[in-house]
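Q: As input, take start.txt (compact mmCIF, C-alpha atoms):
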```txt
# COMPACT_ATOMS: atom_id res chain seq x y z
CA MET A 1 124.72 128.74 158.94
CA ASN A 2 122.56 129.39 155.88
CA SER A 3 124.33 129.03 152.55
CA HIS A 4 123.77 128.54 148.85
CA ARG A 5 125.84 125.93 147.03
CA PHE A 6 126.76 126.23 143.37
CA GLU A 7 128.25 123.40 141.35
CA PHE A 8 130.53 124.07 138.39
CA LYS A 9 131.53 121.09 136.27
CA SER A 10 133.44 120.82 133.00
CA PRO A 11 136.68 119.40 131.64
CA SER A 12 139.86 120.89 133.06
CA LEU A 13 143.31 121.03 131.52
CA ASP A 14 143.98 117.42 132.43
CA PHE A 15 140.71 115.74 133.41
CA LYS A 16 137.67 114.90 131.30
CA GLU A 17 135.44 115.84 134.23
CA SER A 18 136.34 118.29 136.97
CA THR A 19 134.04 119.73 139.63
CA VAL A 20 134.09 122.58 142.11
CA TYR A 21 131.37 123.47 144.62
CA VAL A 22 131.25 127.00 146.01
CA ASP A 23 129.24 127.63 149.17
CA VAL A 24 128.11 131.26 149.45
CA LEU A 25 127.73 131.66 153.19
CA GLN A 26 125.48 134.12 154.96
CA VAL A 27 127.60 137.11 155.93
CA ASP A 28 128.32 137.19 159.66
CA SER A 29 129.63 140.55 160.87
CA ALA A 30 131.25 138.81 163.83
CA LYS A 31 133.52 136.86 161.45
CA PRO A 32 136.08 138.29 159.04
CA PRO A 33 135.58 137.93 155.27
CA ARG A 34 137.41 134.96 153.86
CA VAL A 35 137.60 132.36 151.13
CA ARG A 36 138.39 128.83 152.26
CA TRP A 37 139.69 126.38 149.66
CA PHE A 38 139.21 122.65 150.26
CA VAL A 39 140.69 119.75 148.31
CA GLY A 40 138.16 117.05 148.98
CA ASP A 41 137.56 117.27 152.74
CA ARG A 42 140.98 118.77 153.44
CA LEU A 43 141.27 122.48 154.21
CA PHE A 44 143.91 123.60 151.75
CA TYR A 45 144.06 127.39 152.12
CA ASP A 46 142.23 130.12 154.05
CA THR A 47 142.61 133.73 152.88
CA GLY A 48 142.29 134.85 156.51
CA CYS A 49 145.79 133.54 157.27
CA LEU A 50 148.64 134.71 155.06
CA LYS A 51 151.03 132.39 156.83
CA LEU A 52 149.25 129.51 155.12
CA PHE A 53 149.86 131.11 151.72
CA THR A 54 153.59 131.50 152.27
CA GLU A 55 153.79 127.84 153.29
CA LEU A 56 152.25 126.60 150.04
CA ARG A 57 154.73 125.31 147.48
CA TYR A 58 154.28 126.79 144.02
CA SER A 59 155.03 125.57 140.51
CA SER A 60 153.66 126.18 137.03
CA ALA A 61 152.81 124.01 134.04
CA ARG A 62 150.48 126.00 131.75
CA THR A 63 148.63 126.87 134.96
CA SER A 64 149.28 127.65 138.61
CA ILE A 65 149.92 124.69 140.89
CA TYR A 66 149.88 124.89 144.68
CA GLU A 67 151.02 122.10 147.00
CA LEU A 68 150.43 121.60 150.71
CA GLN A 69 152.91 119.65 152.76
CA ASP A 70 152.00 117.23 155.53
CA SER A 71 152.95 118.92 158.81
CA PHE A 72 154.42 115.70 160.21
CA SER A 73 156.18 113.98 157.32
CA GLY A 74 157.04 117.05 155.25
CA ASN A 75 155.86 115.27 152.10
CA VAL A 76 153.51 116.91 149.62
CA ASP A 77 150.13 115.31 150.23
CA CYS A 78 147.66 117.77 148.69
CA ARG A 79 147.68 119.65 145.40
CA LEU A 80 145.41 122.34 143.94
CA VAL A 81 145.63 123.17 140.23
CA SER A 82 144.22 126.07 138.17
CA PRO A 83 142.56 128.35 140.75
CA GLU A 84 143.31 131.45 138.65
CA HIS A 85 139.98 131.57 136.75
CA LEU A 86 137.89 131.33 139.93
CA SER A 87 139.85 133.38 142.47
CA PRO A 88 139.29 136.77 140.69
CA VAL A 89 135.52 136.41 141.04
CA PHE A 90 135.76 136.82 144.82
CA LEU A 91 137.03 140.37 144.21
CA MET A 92 133.39 141.24 143.54
CA TRP A 93 132.39 140.42 147.13
CA PRO A 94 135.37 141.27 149.38
CA HIS A 95 133.17 141.23 152.50
CA GLY A 96 131.83 137.77 151.68
CA GLN A 97 132.48 134.37 153.15
CA PHE A 98 132.91 131.45 150.76
CA ASN A 99 133.88 127.81 150.98
CA VAL A 100 135.34 126.34 147.79
CA HIS A 101 135.40 122.54 147.48
CA VAL A 102 137.41 121.13 144.59
CA GLU A 103 136.08 117.59 144.44
CA ASN A 104 137.77 115.80 141.55
CA VAL A 105 140.37 114.32 143.88
CA VAL A 106 142.58 111.62 142.37
CA SER A 107 145.54 109.66 143.66
CA SER A 108 149.14 110.20 142.64
CA ARG A 109 148.92 106.96 140.61
CA ASP A 110 146.08 108.43 138.57
CA VAL A 111 148.02 111.66 138.09
CA GLU A 112 151.01 109.83 136.67
CA CYS A 113 148.76 108.06 134.18
CA GLN A 114 147.02 111.25 133.06
CA ASN A 115 150.14 113.42 132.89
CA VAL A 116 149.01 116.42 134.94
CA ASP A 117 152.40 117.91 134.10
CA CYS A 118 155.87 116.78 133.19
CA GLN A 119 156.98 116.44 136.83
CA LYS A 120 156.30 113.28 138.83
CA VAL A 121 155.39 114.58 142.28
CA ALA A 122 154.46 112.12 145.00
CA CYS A 123 151.27 113.47 146.56
CA GLN A 124 148.12 111.82 147.82
CA ASN A 125 145.39 114.19 146.66
CA VAL A 126 145.25 116.22 143.46
CA ALA A 127 142.32 118.44 142.43
CA GLU A 128 141.91 120.78 139.48
CA VAL A 129 139.42 123.61 139.06
CA PRO A 130 137.28 123.12 135.91
CA LEU A 131 137.94 125.34 132.91
CA MET A 132 134.25 125.94 132.13
CA ASP A 133 134.34 127.98 128.88
CA GLY A 134 137.88 129.15 129.59
CA SER A 135 136.81 132.41 131.22
CA ALA A 136 135.65 133.59 134.66
CA VAL A 137 132.15 134.57 133.51
CA PRO A 138 130.35 131.28 134.36
CA PHE A 139 131.70 131.47 137.91
CA PHE A 140 130.61 135.10 138.23
CA TYR A 141 127.07 134.51 136.94
CA GLY A 142 126.60 131.49 139.20
CA LEU A 143 127.74 133.25 142.36
CA ARG A 144 125.96 136.50 141.52
CA ARG A 145 122.60 134.83 142.16
CA ALA A 146 123.35 134.21 145.82
CA ALA A 147 126.01 136.77 146.69
CA GLY A 148 123.98 139.73 145.40
CA ALA A 149 125.19 142.90 143.73
CA PRO A 150 128.96 143.31 143.54
CA GLU A 151 130.51 145.44 146.26
CA PRO A 152 133.17 148.15 145.98
CA LEU A 153 136.59 146.68 145.37
CA VAL A 154 139.27 146.56 148.06
CA PHE A 155 142.79 147.83 147.35
CA TYR A 156 146.03 147.90 149.30
CA ASP A 157 149.11 150.06 148.88
CA ALA A 158 152.21 148.37 147.51
CA PRO A 159 155.17 150.76 147.11
CA VAL A 160 157.08 148.43 144.80
CA ASN A 161 159.48 149.67 142.12
CA ALA A 162 161.10 146.88 140.13
CA GLN A 163 161.82 145.69 136.63
CA TRP A 164 163.42 142.60 135.20
CA ASP A 165 163.82 140.64 132.00
CA LEU A 166 162.27 137.22 131.41
CA PHE A 167 164.70 134.53 130.26
CA GLU A 168 164.61 130.94 129.13
CA GLU A 169 167.49 128.47 128.91
CA ASN A 170 168.53 127.26 125.47
CA ALA A 171 169.72 123.71 124.85
CA ASP A 172 173.32 124.91 124.66
CA GLY A 173 173.13 126.55 128.08
CA SER A 174 172.75 130.11 126.79
CA ARG A 175 169.83 132.31 127.82
CA ARG A 176 167.31 134.00 125.54
CA THR A 177 165.43 137.10 126.65
CA PHE A 178 161.79 136.77 125.61
CA GLY A 179 159.95 139.29 127.80
CA HIS A 180 160.04 142.00 130.40
CA VAL A 181 158.23 143.07 133.57
CA ARG A 182 158.01 146.50 135.18
CA ILE A 183 156.04 147.36 138.31
CA CYS A 184 155.59 150.71 140.08
CA PRO A 185 153.08 152.33 142.46
CA ALA A 186 149.86 153.76 140.99
CA GLU A 187 146.58 155.25 142.16
CA THR A 188 144.73 152.03 141.33
CA PHE A 189 145.46 148.64 139.75
CA GLU A 190 146.68 149.12 136.18
CA VAL A 191 148.03 146.60 133.69
CA GLU A 192 149.53 146.86 130.23
CA TYR A 193 149.97 143.35 128.82
CA VAL A 194 151.70 142.64 125.51
CA LEU A 195 151.98 139.31 123.73
CA ASP A 196 154.60 139.50 120.99
CA ARG A 197 155.56 135.96 120.12
CA ASP A 198 157.29 135.11 116.87
CA LYS A 199 158.54 131.70 115.74
CA SER A 200 161.36 133.38 113.82
CA ARG A 201 162.74 134.56 117.17
CA GLY A 202 162.53 131.15 118.78
CA ASP A 203 158.98 131.27 120.17
CA ARG A 204 156.73 128.24 119.75
CA ALA A 205 153.98 130.18 117.97
CA ASP A 206 153.13 133.49 116.32
CA ILE A 207 150.76 135.44 118.58
CA ARG A 208 150.46 139.22 118.79
CA SER A 209 147.98 140.89 121.10
CA ALA A 210 148.04 143.82 123.50
CA ALA A 211 145.60 145.19 126.08
CA SER A 212 145.62 147.69 128.91
CA VAL A 213 143.20 148.16 131.81
CA SER A 214 142.71 150.40 134.83
CA ILE A 215 140.59 148.86 137.55
CA TYR A 216 138.56 151.16 139.80
CA SER A 217 135.24 149.37 140.24
CA PRO A 218 133.58 145.98 139.67
CA GLU A 219 132.32 147.18 136.27
CA ASN A 220 135.92 147.36 135.06
CA LEU A 221 136.38 143.65 135.76
CA PHE A 222 133.53 142.27 133.68
CA GLN A 223 135.21 142.45 130.25
CA ILE A 224 138.30 140.85 131.73
CA PHE A 225 136.17 138.03 133.15
CA MET A 226 134.80 137.39 129.63
CA ALA A 227 138.21 136.70 128.09
CA ARG A 228 138.82 133.00 127.39
CA THR A 229 141.98 130.99 127.68
CA PHE A 230 143.70 130.13 124.42
CA VAL A 231 146.32 127.96 122.81
CA SER A 232 147.88 128.16 119.36
CA ALA A 233 147.32 125.31 116.95
CA GLU A 234 151.05 124.52 117.01
CA GLU A 235 151.24 124.41 120.80
CA PHE A 236 148.06 122.36 121.04
CA GLU A 237 149.40 119.63 118.76
CA LEU A 238 152.73 119.59 120.58
CA ALA A 239 151.03 119.31 123.96
CA LYS A 240 148.77 116.49 122.78
CA CYS A 241 151.75 114.57 121.39
CA SER A 242 153.43 114.96 124.79
CA GLY A 243 150.39 113.53 126.61
CA LEU A 244 149.30 116.88 128.05
CA LEU A 245 145.97 118.74 127.90
CA GLY A 246 144.14 115.46 128.31
CA GLY A 247 140.89 117.09 129.41
CA VAL A 248 140.70 119.93 126.92
CA ASP A 249 137.98 120.01 124.28
CA GLU A 250 136.43 122.68 122.06
CA SER A 251 134.31 124.06 124.93
CA CYS A 252 137.29 125.01 127.08
CA GLY A 253 138.60 128.11 125.32
CA MET A 254 140.03 129.26 121.99
CA LEU A 255 142.25 127.47 119.51
CA LEU A 256 144.18 130.19 117.70
CA THR A 257 145.27 129.90 114.10
CA HIS A 258 147.91 132.27 112.74
CA CYS A 259 145.30 134.80 111.56
CA ASP A 260 143.59 134.84 114.98
CA GLY A 261 146.63 136.25 116.76
CA GLY A 262 145.68 139.89 116.19
CA LYS A 263 143.16 141.98 118.08
CA CYS A 264 140.26 141.96 115.63
CA SER A 265 139.29 138.32 115.12
CA LYS A 266 135.54 138.00 114.66
CA GLU A 267 135.67 135.01 116.99
CA PHE A 268 136.81 137.14 119.93
CA ARG A 269 134.35 138.13 122.66
CA VAL A 270 136.33 141.25 123.50
CA ALA A 271 139.02 143.15 121.61
CA SER A 272 142.50 141.70 122.12
CA GLU A 273 141.03 138.68 123.89
CA PRO A 274 144.34 136.75 124.20
CA ALA A 275 146.02 139.65 126.03
CA MET A 276 142.87 140.28 128.05
CA HIS A 277 142.90 136.66 129.18
CA LYS A 278 146.53 137.03 130.25
CA ILE A 279 145.37 139.95 132.42
CA LEU A 280 142.72 137.65 133.90
CA ASP A 281 145.44 135.08 134.62
CA LEU A 282 147.55 137.77 136.27
CA ILE A 283 144.66 138.96 138.44
CA GLY A 284 143.87 135.36 139.36
CA ASP A 285 147.44 134.66 140.38
CA LEU A 286 147.64 137.85 142.45
CA THR A 287 144.27 137.47 144.18
CA PHE A 288 144.41 133.83 145.18
CA ILE A 289 146.13 135.12 148.31
CA CYS A 290 143.08 137.29 149.15
CA PRO A 291 140.32 139.14 147.21
CA ALA A 292 142.05 142.53 147.04
CA LEU A 293 144.11 144.36 144.42
CA PRO A 294 147.39 146.23 144.84
CA ARG A 295 147.66 149.87 143.82
CA VAL A 296 150.36 149.31 141.23
CA ARG A 297 150.97 149.62 137.52
CA ILE A 298 152.28 146.47 135.88
CA GLU A 299 153.78 146.43 132.39
CA ILE A 300 154.49 142.93 131.16
CA THR A 301 155.58 141.52 127.81
CA ASN A 302 155.20 137.80 127.07
CA GLY A 303 154.46 136.96 130.68
CA GLY A 304 152.96 133.84 132.17
CA HIS A 305 152.24 132.23 135.51
CA VAL A 306 155.91 132.14 136.50
CA SER A 307 156.34 135.89 135.98
CA HIS A 308 153.02 136.52 137.73
CA ARG A 309 154.40 134.63 140.72
CA GLN A 310 157.55 136.76 140.63
CA ILE A 311 155.32 139.83 140.88
CA MET A 312 153.33 138.28 143.73
CA GLU A 313 156.50 137.60 145.69
CA ARG A 314 157.27 141.31 145.63
CA LEU A 315 153.75 142.18 146.77
CA ILE A 316 153.43 139.70 149.65
CA PRO A 317 155.08 142.01 152.24
CA TYR A 318 152.32 144.57 151.62
CA VAL A 319 149.32 142.23 151.79
CA SER A 320 148.38 142.72 155.43
CA ALA A 321 146.92 139.75 157.29
CA GLY A 322 144.61 142.29 158.98
CA LEU A 323 143.54 143.88 155.69
CA PHE A 324 139.87 142.98 156.03
CA GLU A 325 139.64 144.02 159.66
CA LYS A 326 139.83 147.59 158.35
CA ILE A 327 136.79 147.43 156.08
```
Could you render the structure from this file as structure tokens?
A:
Amino acid sequence: MNSHRFEFKSPSLDFKESTVYVDVLQVDSAKPPRVRWFVGDRLFYDTGCLKLFTELRYSSARTSIYELQDSFSGNVDCRLVSPEHLSPVFLMWPHGQFNVHVENVVSSRDVECQNVDCQKVACQNVAEVPLMDGSAVPFFYGLRRAAGAPEPLVFYDAPVNAQWDLFEENADGSRRTFGHVRICPAETFEVEYVLDRDKSRGDRADIRSAASVSIYSPENLFQIFMARTFVSAEEFELAKCSGLLGGVDESCGMLLTHCDGGKCSKEFRVASEPAMHKILDLIGDLTFICPALPRVRIEITNGGHVSHRQIMERLIPYVSAGLFEKI
């Protein structure tokens, strides 16, 4: 089958060099659209089979982490980290067929030395998607050359009504409420994302940013794709002292000082870039399962990958395995 291969290489959160190859396959009308994710030579996940998604173990450590168990031993033997900046790009071509090969595969011994996260998980293969410039734009521009003009987006109905507070445990065993999530049906995919973090209330940094979007067409996604990941100066120093963020350098996103936390920093690519990047993270976490968006409105304050996963768990029953057979 004819295909075009694109290589994307840069540091990732934890590795000085991280590589992903994306094969843009020639569309075959006899085969359903799908995105296949490989860790090395191992097929990790195929969007054409939701059962595979529900079998993946999930955790979070500044990013989304998926783990595949060995079908015989039950042990975790394959791990994929940080797909959330790449997975939204496939929304632009929902009829497409793509193979994604994350090649920077290291052993569990290497992972322990480089501190991928604070948990020591025994697994054989670990691969992390590169950060590029911290946004989704480099992935979009690269794939646009071979995949052609973006196609109309695909949506699915998700009649979910829910709301809940976000908590964290204090050292004394008490719980502190730091955020909130609300989700309800809508005519398209809508998000209102608020970052309101204040050290005086127990947060690790002062960051204030807010953004809202309504997604109807591919054009609505482009500004979101431009938004870069970020970390506050305080959090960056703390992470470095803890042995984390070993791959991060100045090319990987934004380092926020106190005065950058608002919506008008001259360094921002788009207004309210921190909140816009959180929307990108949310879209990435929701669309790793398949390149389609739910018709819902999400209001979220001080969210992160864990709360995004909580939203996804409520949407899974409405993501039909036959979704793309209808288009």
Q: Dump as a PyMOL selection string all residues having an atom at most 8 Å from (125.1, 129.6, 151.7), computed in the file's coordinates with all atoms listed in the file.
A: chain A and resi 1-5+23-26+146
Q: Rank nothing, just name the residue among A:Ser135, A:Thr47, A:Ser214, A:Ser60 nearest to Val270 (chain A), using all atoms listed in the file.
A: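 For Val270 (chain A), the nearest of the given residues is A:Ser135.
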Q: What separation in Å, quoted to one decimal, exists between CA of Arg197 (chain A) and CA of Gly179 (chain A)?
A: 9.5 Å
Q: Give me, please, the distance in Å between CA of Lys278 (chain A) and CA of Glu219 (chain A), quoted to one decimal.
A: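 Between CA of Lys278 (chain A) and CA of Glu219 (chain A) the gap works out to 18.5 Å.
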Q: Measuring atom to atom with all atoms listed in the file, identify which of A:Gly40, A:Pro32, A:Pro130, A:Gly202 is nearest to Glu168 (chain A).
A: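 Using all atoms listed in the file, the shortest distance to Glu168 (chain A) belongs to A:Gly202.
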Q: Just how far from CA of Val181 (chain A) is CA of Leu166 (chain A), in Å to one decimal?
A: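 About the pair CA of Leu166 (chain A) and CA of Val181 (chain A): they are 7.4 Å apart.
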